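The next block holds one structure in the form of structure tokens; read it before the comments.
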There are 2 protein chains.
Amino acid sequence: MNFGTVAILGPGLIGGSLALALAEMKLANRLVIYGRSKSALEEVRASVPMAELTTDPGEAVKDADVVVLCLPIETMFKFICPIAHLFKPSALVTDVGSVKGVVDRDLAPLFAPNAHWIGSHPMAGSEKSGFAAARADLFKGATVVITPTAKTSLVAKNRAREFWETLGARVVSQTPNGHDIRVAQVSHLPHLLAAALVNHVQHAEPEALELVGGGFRDTTRIASGSPDLWAEILSANAEAVAHALQPFVKKLEDLEKHLRNPDKEELKQYLRAALKDAQDVRSRIPENRQKTS
Amino acid sequence: MNFGTVAILGPGLIGGSLALALAEMKLANRLVIYGRSKSALEEVRASVPMAELTTDPGEAVKDADVVVLCLPIETMFKFICPIAHLFKPSALVTDVGSVKGVVDRDLAPLFAPNAHWIGSHPMAGSEKSGFAAARADLFKGATVVITPTAKTSLVAKNRAREFWETLGARVVSQTPNGHDIRVAQVSHLPHLLAAALVNHVQHAEPEALELVGGGFRDTTRIASGSPDLWAEILSANAEAVAHALQPFVKKLEDLEKHLRNPDKEELKQYLRAALKDAQDVRSRIPENRQKTS
């Protein structure tokens, strides 16, 4: 398998890991990487010697057979619009943004009907960011959501799936809005909760932080993620996150009522059943998901 | 350092790890382990050949210089009361329960003024339980809270601290109620949230579980813990947990209002500030706490 000339715009955690993986697995004839500044690209030079580095995004995309946009969601349109005419009509263009509805709405018209556009979201982020955290094996066993719409070409769908699967990912296909509703539940809501929990404890009982064990550390790990990146993700998907949060808050209010039940035996039975349900569901989530297709 | 004859009542995750650590570090002349049944003790025999195993709790404690009660919180009093007169007056007696107010209230009168009683809580649990999950290094770098009261002897305080520190733990001293209020925040509330989040997603958007990444896995890992054990812990500390939960729910309601703010720029600024606060606090929590004293 060889993807020809691959351009990566933005060598952060995801873009940098892509570059490392493509180079290590020899999946590209040419690898062209666009970075904002020469100093940002300096880091890449040592780790990916085969890559051609440029600060000119038009230069990066003009010969590319595959272009992966690893740029902040909110700047994507403004950044790509002026260079959209430079893409090869046969190119596969995808992104790695964590919110898909708004990205697809903005970008699809820029590429139709020439380049083959489809959104992607590799669910392989962590609380770390930047090229320093990049790893060649980041996509191995990770879930990547591709988000075709009625306007997406079959070529885009097939090539995007093949691209991510070749990198070791498990590919799931969803509509952009379906994706946003679901990641609001399993990614954005947990992120908000982790941050809210840390802030709550710091405010309510700061000395308690002296006692944290593995449970608190695990539960709040994602609260160490980049505030800028996450403020952008959460505000871009705010409606879906609010929609996910509302019934969750109701559930917690209900839980609080149960905790105040003076009948401890009744309380214990209630908790046992709720915890058992959670354990059952949790046990069906693989700790390290393997490639399944 | 040698603790003489050490008795461990209940060789589960904590009791089993204690047995493994004491044997490996040669910290006991004799190690006597009480288990409910011969079959429960069979597992221990192979891993801790030096241990004397018994299903008679009176037999286990009668010559012991140190007794560690690794029993369910709710059965502790009923279990210990009939054998309390068998303890050596010079013995250090402690437990490893996750809730301390109720345990201290029940057990302290049984030992005063003879054996030296003090509560302990090694914050070294995980989502796993039972002897099969026990590890000799479980206490290395872990935080152990000891919970002296005005009635606790200096001997009990000093020996308990020495005991846990020799096993590699960082020892923190709190009142039983102070402990319960703080662990409600950093252990019990996170546990409830993890379980509630799993149940919420399963109920609201089960297909979303197909998309879980590392963030969700970390955030909900503790929801895999034993429902029986945790129902007991949470109901034993229900008042403090409800007290911790109430303002947290208010915080989430406030967050939901912000998420519905149509001014995205204002929302993003709000989120960025909240996430930055959480990141700052989180960055002061060591990933693997080392022994500090």
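Ordering of the structure tokens sets the chain letters (A, B, ...); residue numbers start at 1 within each chain; ligands are numbered from 1 in the order shown.
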Task: Selection near Ser224 of chain A, 10 Å with only C-alpha atoms, sequence-local residues under 4 positions removed, as a list in words - done: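 Here the answer would be Ser126, Glu127, Lys128, His191, Ala194, Ala195 and Thr220 of chain A; Leu275, Lys276, Asp277, Ala278, Gln279, Asp280, Val281, Arg282 and Ser283 of chain B.
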Open item on the list: Report as a list in words all protein, DNA and RNA residues lying within 7 Å of segment 15-22 of chain A, evaluated on only C-alpha atoms, omitting residues in the same chain fewer than 6 positions from it.
Closed with: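 So, after excluding close chain neighbours, the residues are Ile8, Ala28, Val48, Cys70, Phe131, Ala134, Arg135, Ala136, Asp137 and Leu138 of chain A.
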Residues from last step as file, N, CA, C and O atoms, as a CSV table (one decimal), in the first residue's frame:
```csv
chain,number,residue,atom,x,y,z
A,8,ILE,N,0.4,16.9,5.1
A,8,ILE,CA,-0.2,17.1,6.5
A,8,ILE,C,-0.1,18.5,6.8
A,8,ILE,O,1.0,19.1,6.8
A,28,ALA,N,4.0,6.5,2.1
A,28,ALA,CA,4.0,7.7,1.2
A,28,ALA,C,5.2,7.8,0.4
A,28,ALA,O,6.3,7.5,0.9
A,48,VAL,N,11.4,13.1,11.4
A,48,VAL,CA,10.9,12.6,10.1
A,48,VAL,C,11.7,13.1,9.0
A,48,VAL,O,11.3,14.0,8.2
A,70,CYS,N,-4.9,19.1,9.8
A,70,CYS,CA,-4.8,18.9,11.3
A,70,CYS,C,-4.7,20.3,11.9
A,70,CYS,O,-3.7,20.6,12.6
A,131,PHE,N,3.7,18.3,18.8
A,131,PHE,CA,4.5,17.3,18.2
A,131,PHE,C,5.3,16.5,19.2
A,131,PHE,O,5.5,15.3,18.9
A,134,ALA,N,3.7,13.3,19.9
A,134,ALA,CA,3.3,12.4,18.8
A,134,ALA,C,4.0,11.1,18.8
A,134,ALA,O,5.1,10.9,19.4
A,135,ARG,N,3.3,10.0,18.3
A,135,ARG,CA,3.8,8.6,18.4
A,135,ARG,C,3.3,7.9,17.1
A,135,ARG,O,2.2,8.0,16.7
A,136,ALA,N,4.3,7.2,16.5
A,136,ALA,CA,4.0,6.4,15.3
A,136,ALA,C,2.8,5.4,15.5
A,136,ALA,O,2.1,5.1,14.5
A,137,ASP,N,2.6,5.0,16.7
A,137,ASP,CA,1.6,3.9,16.9
A,137,ASP,C,0.3,4.5,17.4
A,137,ASP,O,-0.6,3.8,17.9
A,138,LEU,N,0.1,5.8,17.3
A,138,LEU,CA,-1.1,6.4,17.9
A,138,LEU,C,-2.4,5.9,17.4
A,138,LEU,O,-3.4,5.8,18.1
```
Open item on the list: Just want the 7 Å neighbourhood of Val32 of chain A, counted on only C-alpha atoms, with same-chain residues fewer than 2 positions away dropped. Output as a list of chain:residue names.
Closed with: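 Near neighbours after the sequence-gap exclusion: A:Val6, A:Ala7, A:Ile8, A:Arg30, A:Tyr34, A:Ala51, A:Glu52, A:Leu53, A:Ala60.
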Taking all heavy atoms for each residue, export the selection above as an mmCIF file, in the first residue's frame.
```cif
data_model
loop_
_atom_site.group_PDB
_atom_site.id
_atom_site.type_symbol
_atom_site.label_atom_id
_atom_site.label_comp_id
_atom_site.auth_asym_id
_atom_site.auth_seq_id
_atom_site.Cartn_x
_atom_site.Cartn_y
_atom_site.Cartn_z
ATOM 1 N N VAL A 6 1.554 12.597 0.249
ATOM 2 C CA VAL A 6 0.645 12.911 1.344
ATOM 3 C C VAL A 6 1.050 14.246 1.960
ATOM 4 O O VAL A 6 2.228 14.452 2.283
ATOM 5 C CB VAL A 6 0.660 11.817 2.431
ATOM 6 C CG1 VAL A 6 -0.306 12.172 3.564
ATOM 7 C CG2 VAL A 6 0.301 10.449 1.839
ATOM 8 N N ALA A 7 0.083 15.151 2.083
ATOM 9 C CA ALA A 7 0.349 16.435 2.739
ATOM 10 C C ALA A 7 -0.359 16.471 4.090
ATOM 11 O O ALA A 7 -1.529 16.094 4.202
ATOM 12 C CB ALA A 7 -0.144 17.581 1.868
ATOM 13 N N ILE A 8 0.372 16.896 5.108
ATOM 14 C CA ILE A 8 -0.205 17.051 6.450
ATOM 15 C C ILE A 8 -0.098 18.518 6.821
ATOM 16 O O ILE A 8 0.999 19.083 6.822
ATOM 17 C CB ILE A 8 0.552 16.172 7.466
ATOM 18 C CG1 ILE A 8 0.395 14.697 7.087
ATOM 19 C CG2 ILE A 8 0.063 16.428 8.885
ATOM 20 C CD1 ILE A 8 1.299 13.767 7.850
ATOM 21 N N ARG A 30 5.988 10.677 -1.129
ATOM 22 C CA ARG A 30 6.439 11.976 -0.626
ATOM 23 C C ARG A 30 5.547 12.357 0.542
ATOM 24 O O ARG A 30 4.350 12.093 0.526
ATOM 25 C CB ARG A 30 6.334 13.061 -1.704
ATOM 26 C CG ARG A 30 7.387 12.989 -2.792
ATOM 27 C CD ARG A 30 7.102 14.068 -3.858
ATOM 28 N NE ARG A 30 7.148 15.414 -3.301
ATOM 29 C CZ ARG A 30 6.489 16.468 -3.804
ATOM 30 N NH1 ARG A 30 5.715 16.326 -4.876
ATOM 31 N NH2 ARG A 30 6.592 17.657 -3.233
ATOM 32 N N TYR A 34 3.119 21.020 6.253
ATOM 33 C CA TYR A 34 3.016 22.464 6.451
ATOM 34 C C TYR A 34 2.981 22.779 7.939
ATOM 35 O O TYR A 34 2.228 22.150 8.702
ATOM 36 C CB TYR A 34 1.733 23.020 5.801
ATOM 37 C CG TYR A 34 1.320 24.326 6.437
ATOM 38 C CD1 TYR A 34 1.918 25.530 6.059
ATOM 39 C CD2 TYR A 34 0.373 24.346 7.461
ATOM 40 C CE1 TYR A 34 1.573 26.724 6.680
ATOM 41 C CE2 TYR A 34 0.026 25.539 8.093
ATOM 42 C CZ TYR A 34 0.628 26.713 7.705
ATOM 43 O OH TYR A 34 0.306 27.885 8.328
ATOM 44 N N ALA A 51 10.484 13.918 5.357
ATOM 45 C CA ALA A 51 9.431 14.906 5.090
ATOM 46 C C ALA A 51 9.979 16.170 4.435
ATOM 47 O O ALA A 51 11.077 16.621 4.744
ATOM 48 C CB ALA A 51 8.724 15.254 6.395
ATOM 49 N N GLU A 52 9.191 16.718 3.494
ATOM 50 C CA GLU A 52 9.487 18.036 2.937
ATOM 51 C C GLU A 52 8.695 19.040 3.768
ATOM 52 O O GLU A 52 7.488 18.904 3.914
ATOM 53 C CB GLU A 52 9.055 18.099 1.469
ATOM 54 C CG GLU A 52 9.778 17.068 0.610
ATOM 55 C CD GLU A 52 9.063 16.825 -0.722
ATOM 56 O OE1 GLU A 52 8.563 17.798 -1.330
ATOM 57 O OE2 GLU A 52 8.995 15.645 -1.126
ATOM 58 N N LEU A 53 9.386 20.018 4.303
ATOM 59 C CA LEU A 53 8.745 20.930 5.244
ATOM 60 C C LEU A 53 8.536 22.290 4.591
ATOM 61 O O LEU A 53 9.404 22.783 3.875
ATOM 62 C CB LEU A 53 9.617 21.075 6.486
ATOM 63 C CG LEU A 53 10.041 19.731 7.115
ATOM 64 C CD1 LEU A 53 11.014 19.964 8.256
ATOM 65 C CD2 LEU A 53 8.829 18.954 7.586
ATOM 66 N N ALA A 60 2.248 23.047 -0.041
ATOM 67 C CA ALA A 60 2.088 21.728 0.597
ATOM 68 C C ALA A 60 1.026 20.888 -0.108
ATOM 69 O O ALA A 60 1.181 19.679 -0.272
ATOM 70 C CB ALA A 60 1.730 21.888 2.072
#
```
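All residues of protein, DNA or RNA that reach within 8 Å of Gly119 of chain A, judged by only C-alpha atoms and not counting those fewer than 4 positions away in the chain, are A:Thr94, A:Asp95, A:Val96, A:Gly97, A:Lys100, A:Val103, A:Asp104, A:Ile146, A:Thr147, A:Pro148, A:Pro176.
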- [ ] Would you please give, as an NGL selection string, all residues of segment 127-178 of chain B that DSSP assigns to alpha helix (DSSP H) based on the backbone?
- [x] :B and (154-166 or 176-178)
Would you mind exporting all heavy atoms of the selected residues as a CSV table (one decimal), in the first residue's frame?
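Saved the output as again_29.csv:
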```
chain,number,residue,atom,x,y,z
B,154,LEU,N,-0.6,7.4,72.0
B,154,LEU,CA,0.6,7.8,71.2
B,154,LEU,C,1.2,6.6,70.6
B,154,LEU,O,1.7,6.7,69.5
B,154,LEU,CB,1.5,8.5,72.2
B,154,LEU,CG,2.7,9.3,71.5
B,154,LEU,CD1,2.2,10.4,70.6
B,154,LEU,CD2,3.7,9.8,72.6
B,155,VAL,N,1.2,5.5,71.4
B,155,VAL,CA,1.8,4.2,70.9
B,155,VAL,C,1.1,3.8,69.5
B,155,VAL,O,1.8,3.5,68.6
B,155,VAL,CB,1.6,3.1,71.9
B,155,VAL,CG1,2.0,1.8,71.3
B,155,VAL,CG2,2.5,3.4,73.2
B,156,ALA,N,-0.2,3.9,69.5
B,156,ALA,CA,-1.0,3.5,68.3
B,156,ALA,C,-0.6,4.4,67.2
B,156,ALA,O,-0.4,4.0,66.0
B,156,ALA,CB,-2.5,3.6,68.6
B,157,LYS,N,-0.6,5.7,67.4
B,157,LYS,CA,-0.3,6.7,66.3
B,157,LYS,C,1.1,6.4,65.8
B,157,LYS,O,1.3,6.3,64.6
B,157,LYS,CB,-0.3,8.1,66.9
B,157,LYS,CG,-1.7,8.7,67.0
B,157,LYS,CD,-1.7,10.1,67.4
B,157,LYS,CE,-2.0,10.3,68.9
B,157,LYS,NZ,-2.3,11.7,69.2
B,158,ASN,N,2.1,6.3,66.7
B,158,ASN,CA,3.5,6.1,66.2
B,158,ASN,C,3.7,4.8,65.5
B,158,ASN,O,4.3,4.7,64.4
B,158,ASN,CB,4.5,6.2,67.4
B,158,ASN,CG,4.5,7.6,67.9
B,158,ASN,OD1,4.1,8.6,67.2
B,158,ASN,ND2,5.0,7.8,69.1
B,159,ARG,N,3.1,3.7,66.1
B,159,ARG,CA,3.3,2.4,65.5
B,159,ARG,C,2.6,2.3,64.1
B,159,ARG,O,3.1,1.6,63.2
B,159,ARG,CB,2.9,1.3,66.4
B,159,ARG,CG,4.0,1.2,67.6
B,159,ARG,CD,3.6,0.1,68.5
B,159,ARG,NE,3.6,-1.3,67.9
B,159,ARG,CZ,3.0,-2.3,68.5
B,159,ARG,NH1,2.3,-2.2,69.6
B,159,ARG,NH2,3.0,-3.5,67.9
B,160,ALA,N,1.4,2.8,64.0
B,160,ALA,CA,0.7,2.7,62.8
B,160,ALA,C,1.4,3.5,61.7
B,160,ALA,O,1.6,3.0,60.6
B,160,ALA,CB,-0.7,3.3,62.9
B,161,ARG,N,1.9,4.7,62.0
B,161,ARG,CA,2.7,5.5,61.0
B,161,ARG,C,3.9,4.7,60.6
B,161,ARG,O,4.2,4.6,59.4
B,161,ARG,CB,3.1,6.8,61.7
B,161,ARG,CG,3.9,7.7,60.7
B,161,ARG,CD,4.3,9.0,61.3
B,161,ARG,NE,3.1,9.9,61.3
B,161,ARG,CZ,2.8,10.7,60.3
B,161,ARG,NH1,3.4,10.7,59.2
B,161,ARG,NH2,1.7,11.5,60.4
B,162,GLU,N,4.6,4.1,61.6
B,162,GLU,CA,5.8,3.4,61.2
B,162,GLU,C,5.5,2.1,60.4
B,162,GLU,O,6.2,1.8,59.4
B,162,GLU,CB,6.5,2.9,62.6
B,162,GLU,CG,7.8,2.2,62.4
B,162,GLU,CD,8.3,1.7,63.7
B,162,GLU,OE1,7.5,1.2,64.5
B,162,GLU,OE2,9.5,1.8,63.9
B,163,PHE,N,4.4,1.5,60.7
B,163,PHE,CA,4.0,0.3,60.0
B,163,PHE,C,3.8,0.6,58.5
B,163,PHE,O,4.4,0.0,57.6
B,163,PHE,CB,2.7,-0.3,60.6
B,163,PHE,CG,2.2,-1.5,59.9
B,163,PHE,CD1,2.7,-2.7,60.1
B,163,PHE,CD2,1.1,-1.4,59.0
B,163,PHE,CE1,2.2,-3.9,59.5
B,163,PHE,CE2,0.6,-2.6,58.4
B,163,PHE,CZ,1.2,-3.8,58.7
B,164,TRP,N,3.0,1.6,58.2
B,164,TRP,CA,2.6,2.0,56.8
B,164,TRP,C,3.8,2.6,56.1
B,164,TRP,O,4.1,2.3,54.9
B,164,TRP,CB,1.4,2.9,56.7
B,164,TRP,CG,0.2,2.3,57.2
B,164,TRP,CD1,-0.6,2.6,58.3
B,164,TRP,CD2,-0.5,1.2,56.6
B,164,TRP,NE1,-1.7,1.8,58.4
B,164,TRP,CE2,-1.7,0.9,57.4
B,164,TRP,CE3,-0.3,0.4,55.4
B,164,TRP,CZ2,-2.6,-0.1,57.0
B,164,TRP,CZ3,-1.2,-0.6,55.1
B,164,TRP,CH2,-2.3,-0.9,55.9
B,165,GLU,N,4.6,3.4,56.8
B,165,GLU,CA,5.8,4.0,56.1
B,165,GLU,C,6.8,2.9,55.8
B,165,GLU,O,7.5,3.0,54.7
B,165,GLU,CB,6.4,5.1,57.0
B,165,GLU,CG,5.6,6.3,57.0
B,165,GLU,CD,6.2,7.5,57.8
B,165,GLU,OE1,7.2,7.3,58.5
B,165,GLU,OE2,5.6,8.6,57.7
B,166,THR,N,7.0,1.9,56.7
B,166,THR,CA,7.9,0.9,56.3
B,166,THR,C,7.5,0.1,55.1
B,166,THR,O,8.3,-0.4,54.3
B,166,THR,CB,8.0,-0.1,57.5
B,166,THR,OG1,8.4,0.6,58.7
B,166,THR,CG2,9.1,-1.2,57.3
B,176,PRO,N,-11.3,10.9,62.0
B,176,PRO,CA,-12.2,10.1,61.2
B,176,PRO,C,-13.2,10.9,60.4
B,176,PRO,O,-13.4,10.6,59.2
B,176,PRO,CB,-12.8,9.2,62.3
B,176,PRO,CG,-11.8,9.2,63.4
B,176,PRO,CD,-11.2,10.5,63.4
B,177,ASN,N,-13.8,11.9,61.0
B,177,ASN,CA,-14.8,12.6,60.2
B,177,ASN,C,-14.2,13.5,59.2
B,177,ASN,O,-14.8,13.6,58.1
B,177,ASN,CB,-15.7,13.4,61.2
B,177,ASN,CG,-16.6,12.5,62.0
B,177,ASN,OD1,-17.0,11.4,61.6
B,177,ASN,ND2,-17.0,13.0,63.1
B,178,GLY,N,-13.1,14.1,59.5
B,178,GLY,CA,-12.3,14.9,58.5
B,178,GLY,C,-12.0,14.0,57.3
B,178,GLY,O,-12.1,14.4,56.1
```
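When DSSP is run on the backbone, the residues of segment 88-209 of chain B that fall into strand (DSSP E) are Leu92, Val93, Thr94, Asp95, His116, Trp117, Gly119, Ser120, His121, Pro122, Met123, Thr143, Val144, Val145, Ile146, Thr147, Arg170, Val171, Val172 and Ser173 of chain B.
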- [ ] Write out as a list in words which residues come within 6 Å of Gly168 of chain A when counting only C-alpha atoms, dropping same-chain ones fewer than 6 positions away.
- [x] Phe139, Lys140 and Gly141 of chain A
